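Engineer: A single structure is presented below for examination.
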Amino acid sequence: MSNLKAIYGIYPGPEAAERAHMALQVTFKSFGGDVLAVEVLTSEPYDEYEFGRLEQRTSMPWISALGGLVGGVAGYFLTALTQRAYPLPTGGMPLSPHWTNGIITYELTMLGAILATLGTLAIATHVPGRRSPLADPSVAEGKIVVGVRNPPESVRVEIERALRSAGAESVVSLR
Amino acid sequence: MVTKTNAEINRDLLRPIFHTSWRFWVAAGVLGMGVVAAYATFFYQISAGFGITGINRPVFWGFYVTNFVFWIGISHAGTLISAILRLANATWRRPVTRCAEVITVFALSIGALFPIIHLGRPWLFFWLLPYPNRRLLWPNFRSPLLWDCFAILTYLTGSLAFLLLPVIPDWALIRDKSTGWRQKLYTALAFGWSGTGRQWHRLEAAMHIMAIVIIPVAVSVHTIVSWDFAMAPVPMWHSTIFGPYFVAGAIFSGIAALILAMACLRKFLHLEEYLQPVHFDNLGKLLLMMSLLWLYFVFAERLTVWYGNEPAEVAVFLSTQRGPFAPLFWTMVFCNFLIPFPLLVIKKLRTIAGTTLAASTIVVGMWLERFLIIVPSLSRKYLPYAWGTYWPTWPELTITGGTFTGMALLYLLFAKFVPIVSIWELKAGSRHRAPQGLLEIVPEEKPLSQELPDLDSGVALEDS
């Protein structure tokens, strides 16, 4: 059985997209599929709609905090170990002063958090990466695309029906 | 009430990218000449040595360090203000944030050039970076200049990410609306952005985290710049108030620079319907608050010096109050307080023209303030052998002028390749109820008056 690359509907606004999203979920459930396979592409975030609230949970803040911790530890060791390995004349002052080392440690803590956030974002969103096969130029005009990628051929008719019943302006099948 | 469709918003905000007028080339050419002149002067300075500048014993820091402090201060406009407004969920911020964030990145880059310009052998600037070289010479982590290096690199990295992350969806929009070389360019820049729910959530989560992280970084950067001075036993520098004093001054000059940039963008890119009077009014109020805060810090710092009556400090104090630096000092007071205060406190005067005029004088005043912190103190240190004068020479003036034209040129080029107002944030924000004067969105295909009968005046957005 051959698979479609993607099938999607194009909707004029969020209400119609919400209906399509729910209809597709029902269709997928009835065939035992994963409801998260339904993709919605928009030109702006729609947090007030259910389709815009999926996959909101993220551990990004914890990873950023961990990145900060790693950065801080690296900063501390960079300063303290360097000062001990290559001692400079200090005129009787401590060789490795925590007051001034704290500044470098602080900056590297923040840098670690920033880099960890960027890394997590890149991995979680696949950016840089390839565009979704559902990507349609009409999204740039404010339209909303609702569809699934790689659906089984056997449910194509049901998916298309669900997309049209929700008020799709057009339905596109990609092979 | 003015209404805007999605297509009209795209057209308005993408116009500078798709259409290039002769004015752009003229402006780029004129500004470019300023930059070329500055670079040529810099290379001449490398060739001829520092003797061609006015910097000499005892005033080793003149225009270049003034410019360094000034531009780092200007950089506080964008990311810091944008982050605070983002965390506060201020709806009016949306057309303003990108204009502000750009200032940070470019001003920081320009500011960071000055320690290099100020080096006798600028090609060895990388000695500041902590790496183990063959001579086992490592940087001194006790040096405030090295703290600067770390702080500026962290802030620049964070600010660049803070600016560019929300640009990706707008680049994707341009990719989808363009053809030819432009489509290829923006396809690469959009990094495969599709606009899935997961991408939007993660982007917003990342921006939230970045906003939280960037605020303390921004504060630390200018505090550390102030410690370049405060750690030195020089009259009127060795002060505990310098950290907050510098941060307040930085935010002050930053907001002023932002207002100036917005006024220029509004005029030259025809963004009157996006950068509205309410934005200038709100930023004008912030500017007023910072003007008062600046006055408070100046008074507190100077009162302590005067009351302490330490001879070396009082000598510097008097040189700015009624000595050779007095004209500059009183010009600064006029520019930073006496002119802006009435313009910003009287509601009728707090117009676009009024706030822009106030911002112009403040930018001048804050440059003078940086100069007056550095040069008078170095001109009259504790012992007579360390007394002297400073006059800038043409290389310093040319390079200083070149940084201003460079800033304008970078801004011009940025606005040519990136929508200067964040399109997706504007649209997303306008769907929610917004205060008077901001963009509003109405549900598709329904007349505005039927759908939202009690809307305040302003621009509305409707799906077409």
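Every chain in the structure tokens takes a letter, A first, then B, and so on in the order presented; its residues are numbered from 1, and the ligands are numbered from 1 following the presented order.
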Quick one: residues within 10 Å of Ile399 (chain B), only C-alpha atoms, excluding same-chain residues fewer than 5 positions away - as JSON, numbers by chain?
Structural biologist: {"B": [34, 35, 36, 37, 38, 39, 40, 41, 42, 63, 64, 67, 114, 117, 394, 404, 405, 406]}
Engineer: I need the residues from that last selection saved to file as a CSV table (one decimal), in the first residue's frame (with C-alpha atoms), if you can.
Structural biologist:
```csv
chain,number,residue,atom,x,y,z
B,34,GLY,CA,31.4,58.7,6.4
B,35,VAL,CA,32.2,55.1,7.2
B,36,VAL,CA,34.9,54.9,4.6
B,37,ALA,CA,36.4,58.2,5.9
B,38,ALA,CA,36.5,56.7,9.4
B,39,TYR,CA,38.1,53.5,8.3
B,40,ALA,CA,40.7,55.4,6.3
B,41,THR,CA,41.5,57.6,9.3
B,42,PHE,CA,41.8,54.5,11.5
B,63,PHE,CA,37.0,60.7,22.6
B,64,TYR,CA,37.5,57.0,22.0
B,67,ASN,CA,32.4,56.9,22.4
B,114,PHE,CA,36.5,51.4,20.4
B,117,ILE,CA,40.5,51.5,17.9
B,394,TRP,CA,40.7,65.5,13.4
B,404,PHE,CA,27.3,57.8,13.9
B,405,THR,CA,27.1,57.5,10.1
B,406,GLY,CA,28.0,53.8,10.5
```
Engineer: Would you write out, as a Markdown table, a table of all residues in chain B that have an atom no more than 6 Å from an atom of chain A, listing for each the closest atom pair and the distance in Å to one decimal, considering only C-alpha atoms and ordering rows by chain and rising residue number?
Structural biologist:
```
| residue | atom | partner | partner_atom | distance |
| --- | --- | --- | --- | --- |
| B:Arg142 | CA | A:Thr100 | CA | 5.7 |
| B:Ala151 | CA | A:Glu107 | CA | 5.9 |
| B:Thr154 | CA | A:Leu111 | CA | 5.4 |
| B:Leu173 | CA | A:Ala140 | CA | 5.4 |
| B:Asp176 | CA | A:Pro137 | CA | 5.4 |
| B:Phe191 | CA | A:Pro128 | CA | 4.3 |
| B:Gly192 | CA | A:Arg131 | CA | 4.5 |
| B:Ser194 | CA | A:Arg131 | CA | 5.5 |
| B:Gly195 | CA | A:Leu41 | CA | 5.0 |
| B:Thr196 | CA | A:Leu41 | CA | 4.6 |
| B:Gly197 | CA | A:Gly52 | CA | 5.6 |
| B:Gln199 | CA | A:Thr125 | CA | 5.0 |
| B:Trp200 | CA | A:Pro45 | CA | 5.8 |
| B:Trp424 | CA | A:Glu44 | CA | 5.2 |
| B:Ala428 | CA | A:Glu44 | CA | 5.9 |
```
Engineer: Can I get the selected residues back with N, CA and C atoms, as a PDB file, in the first residue's frame?
Structural biologist:
```
ATOM      1  N   ARG B 142      41.556  39.851  36.881  1.00  0.00           N
ATOM      2  CA  ARG B 142      41.223  40.931  37.826  1.00  0.00           C
ATOM      3  C   ARG B 142      40.994  42.257  37.099  1.00  0.00           C
ATOM      4  N   ALA B 151      31.554  40.493  29.385  1.00  0.00           N
ATOM      5  CA  ALA B 151      30.194  41.033  29.487  1.00  0.00           C
ATOM      6  C   ALA B 151      29.656  41.414  28.112  1.00  0.00           C
ATOM      7  N   THR B 154      28.889  38.326  25.974  1.00  0.00           N
ATOM      8  CA  THR B 154      27.649  37.669  26.430  1.00  0.00           C
ATOM      9  C   THR B 154      26.435  38.474  25.985  1.00  0.00           C
ATOM     10  N   LEU B 173       8.046  34.524   5.800  1.00  0.00           N
ATOM     11  CA  LEU B 173       6.976  35.230   5.077  1.00  0.00           C
ATOM     12  C   LEU B 173       7.513  35.826   3.774  1.00  0.00           C
ATOM     13  N   ASP B 176       8.053  33.214   1.146  1.00  0.00           N
ATOM     14  CA  ASP B 176       6.836  32.757   0.476  1.00  0.00           C
ATOM     15  C   ASP B 176       6.245  33.797  -0.461  1.00  0.00           C
ATOM     16  N   PHE B 191      15.620  29.210   7.452  1.00  0.00           N
ATOM     17  CA  PHE B 191      16.029  27.974   8.125  1.00  0.00           C
ATOM     18  C   PHE B 191      14.963  26.886   8.093  1.00  0.00           C
ATOM     19  N   GLY B 192      14.094  26.890   7.098  1.00  0.00           N
ATOM     20  CA  GLY B 192      13.074  25.844   7.011  1.00  0.00           C
ATOM     21  C   GLY B 192      11.893  26.071   7.934  1.00  0.00           C
ATOM     22  N   SER B 194       8.334  26.538   9.171  1.00  0.00           N
ATOM     23  CA  SER B 194       7.055  26.179   8.555  1.00  0.00           C
ATOM     24  C   SER B 194       5.875  26.833   9.259  1.00  0.00           C
ATOM     25  N   GLY B 195       6.020  27.147  10.540  1.00  0.00           N
ATOM     26  CA  GLY B 195       4.914  27.740  11.289  1.00  0.00           C
ATOM     27  C   GLY B 195       4.043  26.713  11.963  1.00  0.00           C
ATOM     28  N   THR B 196       4.617  25.580  12.349  1.00  0.00           N
ATOM     29  CA  THR B 196       3.828  24.579  13.081  1.00  0.00           C
ATOM     30  C   THR B 196       3.607  25.084  14.505  1.00  0.00           C
ATOM     31  N   GLY B 197       2.590  24.488  15.154  1.00  0.00           N
ATOM     32  CA  GLY B 197       2.293  24.880  16.524  1.00  0.00           C
ATOM     33  C   GLY B 197       3.505  24.677  17.430  1.00  0.00           C
ATOM     34  N   GLN B 199       6.642  24.790  16.631  1.00  0.00           N
ATOM     35  CA  GLN B 199       7.654  25.826  16.390  1.00  0.00           C
ATOM     36  C   GLN B 199       7.277  27.140  17.079  1.00  0.00           C
ATOM     37  N   TRP B 200       5.991  27.505  16.969  1.00  0.00           N
ATOM     38  CA  TRP B 200       5.567  28.761  17.600  1.00  0.00           C
ATOM     39  C   TRP B 200       5.750  28.699  19.110  1.00  0.00           C
ATOM     40  N   TRP B 424       4.620  39.183  12.343  1.00  0.00           N
ATOM     41  CA  TRP B 424       3.799  38.153  13.004  1.00  0.00           C
ATOM     42  C   TRP B 424       3.408  38.566  14.417  1.00  0.00           C
ATOM     43  N   ALA B 428      -0.377  38.916  15.688  1.00  0.00           N
ATOM     44  CA  ALA B 428      -0.797  38.131  16.846  1.00  0.00           C
ATOM     45  C   ALA B 428      -1.320  39.042  17.950  1.00  0.00           C
TER      46      ALA B 428
END
```
Engineer: Can you build me a table of region 330-417 of chain B residues sitting at most 10 Å from region 230-248 of chain B, with the closest atom pair per residue and its distance in Å to one decimal, using only C-alpha atoms, sorted by chain and residue number, as a Markdown table?
Structural biologist:
```
| residue | atom | partner | partner_atom | distance |
| --- | --- | --- | --- | --- |
| B:Arg370 | CA | B:Phe246 | CA | 9.3 |
| B:Ile373 | CA | B:Trp237 | CA | 7.8 |
| B:Ile374 | CA | B:Trp237 | CA | 8.5 |
| B:Pro376 | CA | B:Pro235 | CA | 9.2 |
| B:Ser377 | CA | B:Pro235 | CA | 5.7 |
| B:Leu378 | CA | B:Val234 | CA | 7.3 |
| B:Ser379 | CA | B:Pro235 | CA | 10.0 |
| B:Arg380 | CA | B:Pro235 | CA | 7.9 |
| B:Lys381 | CA | B:Pro235 | CA | 6.2 |
| B:Tyr382 | CA | B:Pro235 | CA | 7.3 |
```
Engineer: Between CA of Gly284 (chain B) and CA of Leu344 (chain B), what is the distance in Å, rounded to a tenth?
Structural biologist: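 Pair CA of Gly284 (chain B) / CA of Leu344 (chain B) returns 6.0 Å.
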Engineer: So, counting only C-alpha atoms, which residue among A:Gly102, A:Gly9, A:Pro89, A:Gly72 is closest to Ala162 (chain A)?
Structural biologist: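 Smallest separation from Ala162 (chain A) among the options: A:Gly9.
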Engineer: Pick out each residue of region 2-159 of chain A that DSSP on the backbone tags as strand (DSSP E); I need them as a compact mmCIF listing (two decimals) with C-alpha atoms, in the first residue's frame.
Structural biologist:
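Final file, result-v5.txt:
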```
# COMPACT_ATOMS: atom_id res chain seq x y z
CA ALA A 6 0.80 14.75 2.74
CA ILE A 7 -2.81 15.80 2.56
CA TYR A 8 -4.03 19.12 3.84
CA GLY A 9 -6.79 21.68 3.68
CA ILE A 10 -6.45 25.43 3.45
CA TYR A 11 -8.69 27.49 5.77
CA VAL A 38 -2.29 16.32 12.72
CA GLU A 39 -0.27 19.40 11.79
CA VAL A 40 -1.47 22.99 11.71
CA LEU A 41 0.62 25.62 9.92
CA ILE A 144 -4.21 28.27 7.92
CA VAL A 145 -3.15 24.83 6.73
CA VAL A 146 -4.45 21.76 8.56
CA GLY A 147 -3.37 18.30 7.46
CA VAL A 148 -1.33 15.22 8.04
CA ARG A 149 1.90 13.99 6.56
```
Engineer: Quick one: pull the distance between CA of Asp228 (chain B) and CA of Glu313 (chain B), Å, one decimal.
Structural biologist: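 Between CA of Asp228 (chain B) and CA of Glu313 (chain B) the gap is 18.1 Å.
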Engineer: Can you pull out every residue within 12 Å of Leu413 (chain B), counting only C-alpha atoms, but drop anything in the same chain fewer than 2 positions away, and send it as a PyMOL selection string?
Structural biologist: chain B and resi 16-17+20+24-25+27-29+31-32+102+106+406-411+415-420
Engineer: Write out as a ChimeraX atom specification all residues of region 3-70 of chain A that backbone DSSP assigns to helix (DSSP H, G or I).
Structural biologist: /A:14-30,35-37,50-52,60-70
Engineer: With distances taken over only C-alpha atoms, which of B:Ala250, B:Ile74, B:Val314, B:Ile174 is nearest to Leu108 (chain B)?
Structural biologist: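 Selected residue with least distance to Leu108 (chain B): B:Ile74.
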Engineer: Counting only C-alpha atoms, what is within 7 Å of Ser82 (chain B), bar same-chain residues fewer than 6 positions away, as a list in words?
Structural biologist: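 Answer for this query is Thr97, Ala100 and Glu101 of chain B.
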Engineer: Which residues are near region 56-59 of chain B? Cut-off 8 Å, only C-alpha atoms, ignore same chain within fewer than 6 positions. Put them as a list in words.
Structural biologist: Val375, Leu378, Ser379, Ala386, Trp387, Gly388, Thr389 and Tyr390 of chain B
Engineer: Residues of the last selection are to be written out with C-alpha atoms, as a PDB file, in the first residue's frame.
Structural biologist:
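Below is the file part.pdb, written as the result:
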```
ATOM      1  CA  VAL B 375      38.257  63.884  30.669  1.00  0.00           C
ATOM      2  CA  LEU B 378      42.017  62.560  33.989  1.00  0.00           C
ATOM      3  CA  SER B 379      43.000  66.202  33.431  1.00  0.00           C
ATOM      4  CA  ALA B 386      49.497  64.540  36.436  1.00  0.00           C
ATOM      5  CA  TRP B 387      47.646  67.669  35.437  1.00  0.00           C
ATOM      6  CA  GLY B 388      47.067  68.423  31.790  1.00  0.00           C
ATOM      7  CA  THR B 389      44.580  69.214  29.061  1.00  0.00           C
ATOM      8  CA  TYR B 390      42.940  67.401  26.193  1.00  0.00           C
TER       9      TYR B 390
END
```
Engineer: Do a neighbour search on Val421 (chain B) at 7 Å with only C-alpha atoms, toss out local chain neighbours closer than 6 positions, and write the hits as an mmCIF file with C-alpha atoms, in the first residue's frame.
Structural biologist:
```cif
data_model
loop_
_atom_site.group_PDB
_atom_site.id
_atom_site.type_symbol
_atom_site.label_atom_id
_atom_site.label_comp_id
_atom_site.auth_asym_id
_atom_site.auth_seq_id
_atom_site.Cartn_x
_atom_site.Cartn_y
_atom_site.Cartn_z
ATOM 1 C CA LEU B 13 5.833 46.436 6.077
ATOM 2 C CA PRO B 95 5.656 47.666 16.632
ATOM 3 C CA VAL B 96 8.512 49.035 18.721
ATOM 4 C CA ARG B 98 12.434 45.228 16.721
ATOM 5 C CA CYS B 99 13.348 48.885 16.113
#
```
Engineer: Which distance in Å separates CA of Ala166 (chain A) and CA of Tyr49 (chain A), to one decimal?
Structural biologist: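 Atom-to-atom, CA of Ala166 (chain A) to CA of Tyr49 (chain A), that is 15.3 Å.
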Engineer: With a distance cut-off of 12 Å and only C-alpha atoms, select the neighbouring residues of region 357-362 of chain B, excluding the residue or stretch itself and same-chain residues fewer than 4 positions from it, and output the selection as an MDAnalysis selection string.
Structural biologist: chainID B and resid 70 74 249:264 280 283:288 290:291 294 331:345 349:353 366:369
Engineer: For those residues, write C-alpha atoms to a file as a short mmCIF file (atom, residue, chain, number, x, y, z; two decimals), in the first residue's frame.
Structural biologist:
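Result saved to again28.cif:
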```
data_model
loop_
_atom_site.label_atom_id
_atom_site.label_comp_id
_atom_site.auth_asym_id
_atom_site.auth_seq_id
_atom_site.Cartn_x
_atom_site.Cartn_y
_atom_site.Cartn_z
CA PHE B 70 28.30 56.26 24.94
CA ILE B 74 22.88 53.47 23.66
CA GLY B 249 22.26 56.89 32.11
CA ALA B 250 22.47 54.05 29.62
CA ILE B 251 18.75 53.38 29.71
CA PHE B 252 18.13 57.13 29.48
CA SER B 253 20.26 57.59 26.37
CA GLY B 254 18.98 54.31 24.96
CA ILE B 255 15.34 55.36 25.09
CA ALA B 256 16.26 58.68 23.49
CA ALA B 257 18.04 56.87 20.66
CA LEU B 258 15.05 54.60 20.20
CA ILE B 259 12.67 57.56 19.88
CA LEU B 260 14.96 59.17 17.32
CA ALA B 261 15.15 55.94 15.32
CA MET B 262 11.38 55.52 15.44
CA ALA B 263 10.81 59.08 14.27
CA CYS B 264 13.14 58.51 11.30
CA PHE B 280 5.94 58.15 21.39
CA LEU B 283 8.25 56.18 25.54
CA GLY B 284 8.16 59.90 26.32
CA LYS B 285 6.85 59.07 29.81
CA LEU B 286 9.67 56.56 30.28
CA LEU B 287 12.14 59.19 29.09
CA LEU B 288 10.73 61.69 31.59
CA MET B 290 14.73 58.47 33.36
CA SER B 291 15.49 62.20 33.07
CA TRP B 294 19.48 60.90 35.89
CA THR B 331 25.01 72.39 28.20
CA MET B 332 24.64 68.82 29.43
CA VAL B 333 22.21 69.89 32.17
CA PHE B 334 20.19 71.86 29.63
CA CYS B 335 20.16 68.98 27.16
CA ASN B 336 19.37 66.24 29.66
CA PHE B 337 16.90 68.00 31.91
CA LEU B 338 15.98 71.61 31.38
CA ILE B 339 14.93 71.24 27.74
CA PRO B 340 13.37 67.74 27.85
CA PHE B 341 11.54 68.15 31.17
CA PRO B 342 8.86 70.64 29.99
CA LEU B 343 8.58 68.86 26.64
CA LEU B 344 7.89 65.56 28.33
CA VAL B 345 5.93 66.61 31.40
CA LEU B 349 3.97 69.03 24.26
CA ARG B 350 4.54 65.27 24.52
CA THR B 351 3.79 64.84 20.84
CA ILE B 352 5.88 63.04 18.25
CA ALA B 353 7.72 66.29 17.50
CA MET B 366 24.45 62.03 27.30
CA TRP B 367 27.47 62.08 24.99
CA LEU B 368 28.65 65.18 26.88
CA GLU B 369 28.02 63.41 30.17
#
```
Engineer: With distances taken over only C-alpha atoms, which residue among B:His222, B:Arg202, B:Arg182, B:His118 lies nearest Trp147 (chain B)?
Structural biologist: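 The answer is B:His222, which sits nearest to Trp147 (chain B).
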